[in-house]
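Shown next: final06.pdb, given as PDB, C-alpha atoms.
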```pdb
ATOM      1  CA  MET A   1     -83.884  20.620  56.236
ATOM      2  CA  GLY A   2     -81.312  22.949  54.731
ATOM      3  CA  LYS A   3     -80.407  22.032  51.179
ATOM      4  CA  ASP A   4     -76.675  21.820  51.881
ATOM      5  CA  PHE A   5     -76.716  20.808  55.533
ATOM      6  CA  LEU A   6     -74.036  18.148  54.895
ATOM      7  CA  GLU A   7     -71.591  20.479  53.196
ATOM      8  CA  GLY A   8     -68.070  19.741  54.425
ATOM      9  CA  ARG A   9     -68.977  16.189  55.497
ATOM     10  CA  THR A  10     -67.850  12.958  53.869
ATOM     11  CA  ALA A  11     -70.280  10.056  53.605
ATOM     12  CA  VAL A  12     -69.375   6.466  52.731
ATOM     13  CA  VAL A  13     -72.059   4.226  51.214
ATOM     14  CA  THR A  14     -71.328   0.554  50.564
ATOM     15  CA  GLY A  15     -73.211  -1.415  47.939
ATOM     16  CA  ALA A  16     -74.061   1.841  46.198
ATOM     17  CA  THR A  17     -73.916   0.977  42.507
ATOM     18  CA  ARG A  18     -77.690   0.495  42.266
ATOM     19  CA  GLY A  19     -80.917   0.189  44.223
ATOM     20  CA  ILE A  20     -81.111   1.454  47.795
ATOM     21  CA  GLY A  21     -77.408   2.254  48.049
ATOM     22  CA  TYR A  22     -77.433   4.359  44.892
ATOM     23  CA  ALA A  23     -80.526   6.272  46.073
ATOM     24  CA  ILE A  24     -78.865   6.949  49.436
ATOM     25  CA  ALA A  25     -75.685   8.171  47.747
ATOM     26  CA  GLU A  26     -77.744  10.456  45.510
ATOM     27  CA  ALA A  27     -79.613  11.891  48.500
ATOM     28  CA  LEU A  28     -76.424  12.543  50.487
ATOM     29  CA  LEU A  29     -74.802  14.170  47.477
ATOM     30  CA  GLY A  30     -77.842  16.381  47.056
ATOM     31  CA  ALA A  31     -77.503  17.480  50.687
ATOM     32  CA  GLY A  32     -73.983  18.756  50.049
ATOM     33  CA  ALA A  33     -71.856  15.825  51.242
ATOM     34  CA  THR A  34     -68.782  14.496  49.531
ATOM     35  CA  VAL A  35     -69.802  10.891  48.816
ATOM     36  CA  ALA A  36     -67.544   7.850  48.539
ATOM     37  CA  ILE A  37     -69.240   4.742  47.184
ATOM     38  CA  SER A  38     -68.178   1.134  46.904
ATOM     39  CA  GLY A  39     -69.361  -1.941  45.079
ATOM     40  CA  ARG A  40     -67.972  -5.309  44.099
ATOM     41  CA  THR A  41     -66.894  -4.472  40.530
ATOM     42  CA  GLU A  42     -64.869  -1.633  39.067
ATOM     43  CA  ALA A  43     -67.253  -1.395  36.122
ATOM     44  CA  GLY A  44     -70.301  -1.022  38.338
ATOM     45  CA  VAL A  45     -68.618   1.559  40.559
ATOM     46  CA  SER A  46     -67.333   3.580  37.608
ATOM     47  CA  GLU A  47     -70.787   3.705  36.010
ATOM     48  CA  ALA A  48     -72.452   4.759  39.277
ATOM     49  CA  VAL A  49     -69.846   7.495  39.820
ATOM     50  CA  ARG A  50     -70.410   8.707  36.255
ATOM     51  CA  ARG A  51     -74.184   8.908  36.740
ATOM     52  CA  LEU A  52     -73.939  10.582  40.132
ATOM     53  CA  THR A  53     -71.373  13.074  38.833
ATOM     54  CA  THR A  54     -73.753  13.990  36.009
ATOM     55  CA  LEU A  55     -76.539  14.575  38.524
ATOM     56  CA  SER A  56     -74.322  16.792  40.681
ATOM     57  CA  THR A  57     -73.074  18.960  37.799
ATOM     58  CA  GLY A  58     -73.771  22.576  38.604
ATOM     59  CA  GLU A  59     -74.236  21.850  42.315
ATOM     60  CA  GLY A  60     -71.202  23.768  43.521
ATOM     61  CA  GLY A  61     -68.619  21.189  42.552
ATOM     62  CA  ARG A  62     -69.921  18.441  44.819
ATOM     63  CA  LYS A  63     -67.708  15.419  44.735
ATOM     64  CA  VAL A  64     -68.473  11.751  44.327
ATOM     65  CA  ILE A  65     -65.746   9.121  44.222
ATOM     66  CA  GLY A  66     -65.798   5.356  44.141
ATOM     67  CA  LYS A  67     -63.667   2.277  44.610
ATOM     68  CA  ALA A  68     -64.386  -1.415  44.149
ATOM     69  CA  ALA A  69     -64.257  -3.400  47.386
ATOM     70  CA  ASP A  70     -65.741  -6.667  48.593
ATOM     71  CA  VAL A  71     -66.922  -5.985  52.141
ATOM     72  CA  ARG A  72     -66.591  -9.694  52.931
ATOM     73  CA  ALA A  73     -62.815  -9.216  52.891
ATOM     74  CA  SER A  74     -61.494  -7.219  55.848
ATOM     75  CA  THR A  75     -58.288  -6.362  53.967
ATOM     76  CA  GLU A  76     -60.267  -4.808  51.107
ATOM     77  CA  VAL A  77     -62.308  -2.793  53.597
ATOM     78  CA  GLU A  78     -59.137  -1.434  55.222
ATOM     79  CA  GLU A  79     -57.778  -0.525  51.784
ATOM     80  CA  LEU A  80     -61.068   1.208  50.938
ATOM     81  CA  PHE A  81     -61.005   3.371  54.069
ATOM     82  CA  ALA A  82     -57.301   4.194  53.683
ATOM     83  CA  TRP A  83     -58.103   5.371  50.145
ATOM     84  CA  ILE A  84     -61.030   7.461  51.427
ATOM     85  CA  ASP A  85     -58.671   9.039  53.977
ATOM     86  CA  ARG A  86     -56.298  10.070  51.199
ATOM     87  CA  GLU A  87     -59.037  11.354  48.900
ATOM     88  CA  THR A  88     -61.264  13.177  51.395
ATOM     89  CA  GLY A  89     -59.538  13.388  54.768
ATOM     90  CA  GLY A  90     -61.760  10.713  56.297
ATOM     91  CA  PRO A  91     -65.403   9.768  56.798
ATOM     92  CA  ASP A  92     -68.051  11.444  58.954
ATOM     93  CA  ILE A  93     -70.953   9.203  57.943
ATOM     94  CA  LEU A  94     -71.043   5.484  57.151
ATOM     95  CA  VAL A  95     -74.016   3.742  55.578
ATOM     96  CA  ASN A  96     -73.622  -0.045  55.683
ATOM     97  CA  ASN A  97     -75.835  -1.041  52.790
ATOM     98  CA  ALA A  98     -73.918  -3.795  50.964
ATOM     99  CA  GLY A  99     -75.619  -7.157  51.120
ATOM    100  CA  ILE A 100     -76.934 -10.170  49.240
ATOM    101  CA  GLY A 101     -80.036 -12.341  49.428
ATOM    102  CA  LEU A 102     -80.013 -16.095  48.952
ATOM    103  CA  PHE A 103     -83.359 -17.737  49.664
ATOM    104  CA  LYS A 104     -83.454 -21.495  50.150
ATOM    105  CA  SER A 105     -84.677 -23.902  52.777
ATOM    106  CA  THR A 106     -82.183 -24.823  55.477
ATOM    107  CA  ALA A 107     -81.712 -28.306  54.017
ATOM    108  CA  ASP A 108     -81.015 -26.929  50.550
ATOM    109  CA  LEU A 109     -78.514 -24.246  51.590
ATOM    110  CA  THR A 110     -74.883 -25.061  50.901
ATOM    111  CA  VAL A 111     -72.196 -24.203  53.421
ATOM    112  CA  GLU A 112     -70.727 -21.742  50.906
ATOM    113  CA  GLU A 113     -74.099 -19.977  50.462
ATOM    114  CA  TRP A 114     -74.575 -19.715  54.228
ATOM    115  CA  GLN A 115     -71.096 -18.288  54.738
ATOM    116  CA  ARG A 116     -71.362 -15.916  51.780
ATOM    117  CA  THR A 117     -74.636 -14.454  53.072
ATOM    118  CA  LEU A 118     -73.427 -13.900  56.635
ATOM    119  CA  GLU A 119     -70.064 -12.534  55.489
ATOM    120  CA  ALA A 120     -71.665 -10.001  53.129
ATOM    121  CA  ASN A 121     -74.578  -8.908  55.306
ATOM    122  CA  LEU A 122     -73.124  -9.119  58.828
ATOM    123  CA  SER A 123     -69.330  -9.403  58.784
ATOM    124  CA  GLY A 124     -69.116  -6.682  56.142
ATOM    125  CA  ALA A 125     -71.052  -4.283  58.369
ATOM    126  CA  PHE A 126     -68.672  -5.073  61.237
ATOM    127  CA  TYR A 127     -65.527  -4.571  59.145
ATOM    128  CA  CYS A 128     -66.739  -1.222  57.808
ATOM    129  CA  SER A 129     -68.012  -0.014  61.181
ATOM    130  CA  ARG A 130     -64.733  -0.946  62.852
ATOM    131  CA  ALA A 131     -62.782   1.006  60.236
ATOM    132  CA  ALA A 132     -65.093   4.029  60.543
ATOM    133  CA  LEU A 133     -65.045   4.042  64.355
ATOM    134  CA  ALA A 134     -61.247   4.154  64.385
ATOM    135  CA  ARG A 135     -61.440   7.332  62.306
ATOM    136  CA  PHE A 136     -64.311   8.884  64.242
ATOM    137  CA  LYS A 137     -62.030   9.054  67.285
ATOM    138  CA  ASN A 138     -59.918  11.650  65.493
ATOM    139  CA  ARG A 139     -62.898  13.470  63.982
ATOM    140  CA  GLY A 140     -64.888  14.055  67.148
ATOM    141  CA  GLY A 141     -67.618  11.536  66.350
ATOM    142  CA  GLY A 142     -69.727  10.416  63.435
ATOM    143  CA  TYR A 143     -72.814   8.618  62.192
ATOM    144  CA  ILE A 144     -73.283   4.932  61.382
ATOM    145  CA  ILE A 145     -76.460   3.821  59.646
ATOM    146  CA  ASN A 146     -77.000   0.093  59.167
ATOM    147  CA  MET A 147     -79.451  -0.993  56.503
ATOM    148  CA  GLY A 148     -81.294  -3.882  58.045
ATOM    149  CA  SER A 149     -84.621  -5.384  57.070
ATOM    150  CA  LEU A 150     -87.898  -6.490  58.594
ATOM    151  CA  ALA A 151     -86.319  -9.903  57.987
ATOM    152  CA  GLY A 152     -84.194  -8.975  60.998
ATOM    153  CA  LYS A 153     -87.234  -9.403  63.253
ATOM    154  CA  ASP A 154     -89.672 -11.605  61.311
ATOM    155  CA  ALA A 155     -88.460 -14.974  60.039
ATOM    156  CA  PHE A 156     -89.919 -16.575  56.916
ATOM    157  CA  ALA A 157     -89.638 -19.891  55.114
ATOM    158  CA  GLY A 158     -86.650 -19.969  52.794
ATOM    159  CA  GLY A 159     -84.924 -17.186  54.724
ATOM    160  CA  ALA A 160     -82.605 -19.178  56.994
ATOM    161  CA  ALA A 161     -79.376 -17.512  55.889
ATOM    162  CA  TYR A 162     -80.880 -14.096  55.164
ATOM    163  CA  ASN A 163     -82.872 -13.998  58.415
ATOM    164  CA  ALA A 164     -79.828 -15.067  60.404
ATOM    165  CA  SER A 165     -77.718 -12.327  58.858
ATOM    166  CA  LYS A 166     -80.330  -9.612  59.402
ATOM    167  CA  PHE A 167     -81.179 -10.711  62.958
ATOM    168  CA  GLY A 168     -77.423 -10.460  63.481
ATOM    169  CA  VAL A 169     -77.346  -6.911  62.126
ATOM    170  CA  THR A 170     -80.083  -5.985  64.603
ATOM    171  CA  GLY A 171     -78.090  -7.271  67.572
ATOM    172  CA  PHE A 172     -74.821  -5.869  66.253
ATOM    173  CA  THR A 173     -76.318  -2.407  65.817
ATOM    174  CA  GLU A 174     -77.745  -2.309  69.331
ATOM    175  CA  ALA A 175     -74.498  -3.523  70.891
ATOM    176  CA  MET A 176     -72.420  -1.019  68.906
ATOM    177  CA  LEU A 177     -74.679   1.760  70.163
ATOM    178  CA  LEU A 178     -74.045   0.736  73.767
ATOM    179  CA  ASP A 179     -70.303   0.467  73.148
ATOM    180  CA  HIS A 180     -69.964   3.963  71.670
ATOM    181  CA  ARG A 181     -72.909   6.016  72.872
ATOM    182  CA  TYR A 182     -70.649   8.357  74.858
ATOM    183  CA  ASP A 183     -68.141   8.779  72.001
ATOM    184  CA  ASN A 184     -70.419  11.163  70.050
ATOM    185  CA  VAL A 185     -71.234   8.339  67.632
ATOM    186  CA  ARG A 186     -74.837   8.135  66.433
ATOM    187  CA  VAL A 187     -76.024   4.660  65.433
ATOM    188  CA  THR A 188     -79.231   3.968  63.520
ATOM    189  CA  HIS A 189     -80.802   0.798  62.172
ATOM    190  CA  ILE A 190     -83.213   1.180  59.246
ATOM    191  CA  MET A 191     -85.440  -1.841  58.643
ATOM    192  CA  PRO A 192     -87.328  -1.588  55.326
ATOM    193  CA  GLY A 193     -89.886  -4.072  54.117
ATOM    194  CA  SER A 194     -90.116  -4.701  50.372
ATOM    195  CA  VAL A 195     -88.228  -2.083  48.371
ATOM    196  CA  ASP A 196     -88.690  -1.666  44.624
ATOM    197  CA  THR A 197     -85.155  -2.551  43.521
ATOM    198  CA  GLY A 198     -85.181  -5.988  41.911
ATOM    199  CA  PHE A 199     -83.078  -7.241  44.849
ATOM    200  CA  SER A 200     -81.897 -10.841  44.511
ATOM    201  CA  GLY A 201     -83.336 -11.249  41.044
ATOM    202  CA  GLY A 202     -86.833 -10.000  41.852
ATOM    203  CA  SER A 203     -88.691  -7.758  39.437
ATOM    204  CA  ALA A 204     -88.833  -4.015  39.970
ATOM    205  CA  GLY A 205     -91.808  -1.822  39.144
ATOM    206  CA  ALA A 206     -94.336  -2.915  41.782
ATOM    207  CA  ASP A 207     -96.191   0.191  42.918
ATOM    208  CA  TRP A 208     -96.950  -1.266  46.367
ATOM    209  CA  LYS A 209     -93.269  -1.452  47.288
ATOM    210  CA  ILE A 210     -91.201   1.274  48.944
ATOM    211  CA  ALA A 211     -89.259   3.447  46.479
ATOM    212  CA  PRO A 212     -85.464   3.483  46.987
ATOM    213  CA  GLU A 213     -85.613   7.286  47.000
ATOM    214  CA  ASP A 214     -87.811   7.115  50.116
ATOM    215  CA  ILE A 215     -85.017   5.276  51.926
ATOM    216  CA  GLY A 216     -82.583   7.987  50.810
ATOM    217  CA  GLU A 217     -84.878  10.606  52.340
ATOM    218  CA  ILE A 218     -85.061   8.625  55.594
ATOM    219  CA  VAL A 219     -81.267   8.573  55.795
ATOM    220  CA  LEU A 220     -81.144  12.359  55.403
ATOM    221  CA  ASN A 221     -83.743  12.774  58.141
ATOM    222  CA  VAL A 222     -81.791  10.476  60.450
ATOM    223  CA  VAL A 223     -78.546  12.388  59.998
ATOM    224  CA  GLU A 224     -80.151  15.811  60.373
ATOM    225  CA  ASN A 225     -82.169  14.879  63.459
ATOM    226  CA  ALA A 226     -79.182  13.228  65.112
ATOM    227  CA  GLY A 227     -77.243  16.451  64.551
ATOM    228  CA  LYS A 228     -79.956  18.420  66.335
ATOM    229  CA  ASN A 229     -79.509  16.201  69.383
ATOM    230  CA  SER A 230     -75.734  16.530  69.549
ATOM    231  CA  GLY A 231     -75.883  17.024  73.303
ATOM    232  CA  GLU A 232     -77.370  13.584  73.870
ATOM    233  CA  PRO A 233     -75.488  10.281  74.003
ATOM    234  CA  GLY A 234     -75.413   8.332  70.762
ATOM    235  CA  ARG A 235     -78.631   6.529  70.092
ATOM    236  CA  SER A 236     -80.126   3.843  67.898
ATOM    237  CA  ALA A 237     -83.418   4.134  66.104
ATOM    238  CA  ALA A 238     -84.876   1.037  64.513
ATOM    239  CA  LEU A 239     -86.884   2.704  61.769
ATOM    240  CA  LYS A 240     -89.344   0.320  60.154
ATOM    241  CA  ALA A 241     -90.927   0.898  56.762
ATOM    242  CA  SER A 242     -93.192  -1.737  55.306
TER
END
```
Would you encode the structure as structure tokens?
Amino acid sequence: MGKDFLEGRTAVVTGATRGIGYAIAEALLGAGATVAISGRTEAGVSEAVRRLTTLSTGEGGRKVIGKAADVRASTEVEELFAWIDRETGGPDILVNNAGIGLFKSTADLTVEEWQRTLEANLSGAFYCSRAALARFKNRGGGYIINMGSLAGKDAFAGGAAYNASKFGVTGFTEAMLLDHRYDNVRVTHIMPGSVDTGFSGGSAGADWKIAPEDIGEIVLNVVENAGKNSGEPGRSAALKAS
């Protein structure tokens, strides 16, 4: 792929202060995109923007910006996208990456834990996609990439809330594709297995796990290949990496 094939495009990555989201933001920035990131805390967002800006120094003035937003709150999502409009002119690419993992048996889950998991992992993807789609109408189309999980097809003990949220993302992604496939909107669902991020308190450094940077590379491949098929209706690809 061309080194700067995303020059002139704006990409939004949620949950991008660390782990998979940070690696995706870094990859998009390296491909020439202006990147807008979000996370739950101002401190985390500011530090990620600082690190990404350092990495992009000398790369033709590539821009990375960030704003704290809790994707569980639809009002904060609307404020985030209005801010992105003012700063960049609007998004061309959305990566719904923000999410949490709470792993307990069904009997041990509290109502608050259940709601928090589904709101972060599923409702947040809907709120952000809805905001992006409204803007894609005026921009001639766009790309939405939902970060799912193999937990969205394979249930496991202790995964009641997480499985439910990720199965939901699978269905949501496929339905959104059908809704907007003739609007020049490309929809992709990436379903990694275990990624070496320390997600949900786990330890990082296991060499058998997928590297976050590999997911960033997959996102670049998805966007570039979708662009090559611009004459086709929008499509969904459930890319599985285990």
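Interatomic distance, CA of Asp92 (chain A) against CA of Ser165 (chain A): 25.7 Å.
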Pick out the residues sitting within 7 Å of Pro91 (chain A), and hand them over as a list in words; count all atoms listed in the file, and ignore anything fewer than 5 positions along from it in its own chain. Thr10, Ala11, Val12 and Ala132 of chain A
Atoms to include: C-alpha atoms. Write the selected residues as an mmCIF file, in the frame of the given file.
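Output saved as again16.cif:
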```cif
data_model
loop_
_atom_site.group_PDB
_atom_site.id
_atom_site.type_symbol
_atom_site.label_atom_id
_atom_site.label_comp_id
_atom_site.auth_asym_id
_atom_site.auth_seq_id
_atom_site.Cartn_x
_atom_site.Cartn_y
_atom_site.Cartn_z
ATOM 1 C CA THR A 10 -67.850 12.958 53.869
ATOM 2 C CA ALA A 11 -70.280 10.056 53.605
ATOM 3 C CA VAL A 12 -69.375 6.466 52.731
ATOM 4 C CA ALA A 132 -65.093 4.029 60.543
#
```
Which residues of region 46-139 of chain A come within 9 Å of region 28-37 of chain A, and what is each one's closest atom pair and distance in Å (one decimal), counting all atoms listed in the file, sorted by chain and residue number, as a Markdown table?
```
| residue | atom | partner | partner_atom | distance |
| --- | --- | --- | --- | --- |
| A:Ala48 | CA | A:Ile37 | CA | 8.5 |
| A:Val49 | CA | A:Ile37 | CA | 7.9 |
| A:Leu52 | CA | A:Leu29 | CA | 8.2 |
| A:Leu55 | CA | A:Gly30 | CA | 8.8 |
| A:Ser56 | CA | A:Gly30 | CA | 7.3 |
| A:Glu59 | CA | A:Gly30 | CA | 8.1 |
| A:Gly60 | CA | A:Gly32 | CA | 8.7 |
| A:Arg62 | CA | A:Thr34 | CA | 6.3 |
| A:Lys63 | CA | A:Thr34 | CA | 5.0 |
| A:Val64 | CA | A:Val35 | CA | 4.8 |
| A:Ile65 | CA | A:Ala36 | CA | 4.8 |
| A:Gly66 | CA | A:Ile37 | CA | 4.6 |
| A:Lys67 | CA | A:Ile37 | CA | 6.6 |
| A:Ala68 | CA | A:Ile37 | CA | 8.4 |
| A:Ile84 | CA | A:Ala36 | CA | 7.1 |
| A:Thr88 | CA | A:Thr34 | CA | 7.9 |
| A:Pro91 | CA | A:Ala36 | CA | 8.7 |
```
Within 12 Å of (-89.7, -11.1, 62.9) in the file's own coordinates, which protein, DNA or RNA residues have an atom, counting only C-alpha atoms? List them as number ranges by chain. A: 149-157, 159, 163-164, 166-167, 170, 191, 193, 240
Point (-78.4, 6.8, 48.1), cut-off 9 Å, counting only C-alpha atoms, residues as a ChimeraX atom specification: /A:13,16,18-29,212-213,215-217,219
Name the residues that the PyMOL selection byres ((chain A and resi 110-118) around 10) picks from the file above, as a PyMOL selection string, using the file's chain letters and numbers. chain A and resi 72+99-104+106-109+119-124+160-166+168-169
Can you pull out every residue within 7 Å of Asn146 (chain A), counting all atoms listed in the file, but drop anything in the same chain fewer than 3 positions away, and send it as a ChimeraX atom specification? /A:95-97,188-190
Create the file for the chosen residues now, containing C-alpha atoms and written as a PDB file, in the coordinates of the input.
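Produced file again.pdb, reproduced below:
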```pdb
ATOM      1  CA  VAL A  95     -74.016   3.742  55.578  1.00  0.00           C
ATOM      2  CA  ASN A  96     -73.622  -0.045  55.683  1.00  0.00           C
ATOM      3  CA  ASN A  97     -75.835  -1.041  52.790  1.00  0.00           C
ATOM      4  CA  THR A 188     -79.231   3.968  63.520  1.00  0.00           C
ATOM      5  CA  HIS A 189     -80.802   0.798  62.172  1.00  0.00           C
ATOM      6  CA  ILE A 190     -83.213   1.180  59.246  1.00  0.00           C
TER       7      ILE A 190
END
```
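Here CA of Phe126 (chain A) stands at a distance of 25.2 Å from CA of Ser46 (chain A).
This file gives the following result for the PyMOL selection byres ((chain A and resi 187) around 10): Leu94, Gly142, Tyr143, Ile144, Ile145, Asn146, Thr173, Glu174, Ala175, Met176, Leu177, Leu178, His180, Arg181, Asn184, Val185, Arg186, Thr188, His189, Val222, Val223, Ala226, Gly234, Arg235, Ser236, Ala237 and Ala238 of chain A.
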With C-alpha atoms retained, could you export that selection as a PDB file, in the frame of the given file?
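Generated output (part.pdb):
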```
ATOM      1  CA  LEU A  94     -71.043   5.484  57.151  1.00  0.00           C
ATOM      2  CA  GLY A 142     -69.727  10.416  63.435  1.00  0.00           C
ATOM      3  CA  TYR A 143     -72.814   8.618  62.192  1.00  0.00           C
ATOM      4  CA  ILE A 144     -73.283   4.932  61.382  1.00  0.00           C
ATOM      5  CA  ILE A 145     -76.460   3.821  59.646  1.00  0.00           C
ATOM      6  CA  ASN A 146     -77.000   0.093  59.167  1.00  0.00           C
ATOM      7  CA  THR A 173     -76.318  -2.407  65.817  1.00  0.00           C
ATOM      8  CA  GLU A 174     -77.745  -2.309  69.331  1.00  0.00           C
ATOM      9  CA  ALA A 175     -74.498  -3.523  70.891  1.00  0.00           C
ATOM     10  CA  MET A 176     -72.420  -1.019  68.906  1.00  0.00           C
ATOM     11  CA  LEU A 177     -74.679   1.760  70.163  1.00  0.00           C
ATOM     12  CA  LEU A 178     -74.045   0.736  73.767  1.00  0.00           C
ATOM     13  CA  HIS A 180     -69.964   3.963  71.670  1.00  0.00           C
ATOM     14  CA  ARG A 181     -72.909   6.016  72.872  1.00  0.00           C
ATOM     15  CA  ASN A 184     -70.419  11.163  70.050  1.00  0.00           C
ATOM     16  CA  VAL A 185     -71.234   8.339  67.632  1.00  0.00           C
ATOM     17  CA  ARG A 186     -74.837   8.135  66.433  1.00  0.00           C
ATOM     18  CA  THR A 188     -79.231   3.968  63.520  1.00  0.00           C
ATOM     19  CA  HIS A 189     -80.802   0.798  62.172  1.00  0.00           C
ATOM     20  CA  VAL A 222     -81.791  10.476  60.450  1.00  0.00           C
ATOM     21  CA  VAL A 223     -78.546  12.388  59.998  1.00  0.00           C
ATOM     22  CA  ALA A 226     -79.182  13.228  65.112  1.00  0.00           C
ATOM     23  CA  GLY A 234     -75.413   8.332  70.762  1.00  0.00           C
ATOM     24  CA  ARG A 235     -78.631   6.529  70.092  1.00  0.00           C
ATOM     25  CA  SER A 236     -80.126   3.843  67.898  1.00  0.00           C
ATOM     26  CA  ALA A 237     -83.418   4.134  66.104  1.00  0.00           C
ATOM     27  CA  ALA A 238     -84.876   1.037  64.513  1.00  0.00           C
TER      28      ALA A 238
END
```
A straight line from CA of Val71 (chain A) to CA of Val45 (chain A) spans 13.9 Å
Find the smallest box with edges along x, y and z containing every listed atom of region 101-111 of chain A, then add 8 Å on each side and report centre and edge lengths in Å to one decimal, as AutoDock Vina command-line options.
```
--center_x -78.4 --center_y -20.3 --center_z 52.2 --size_x 28.5 --size_y 32.0 --size_z 22.5
```
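With only C-alpha atoms as the atoms that count, the minimum distance from Met147 (chain A) to the choices A:Ala69, A:Ala98, A:Glu76, A:Glu42 is reached by A:Ala98.
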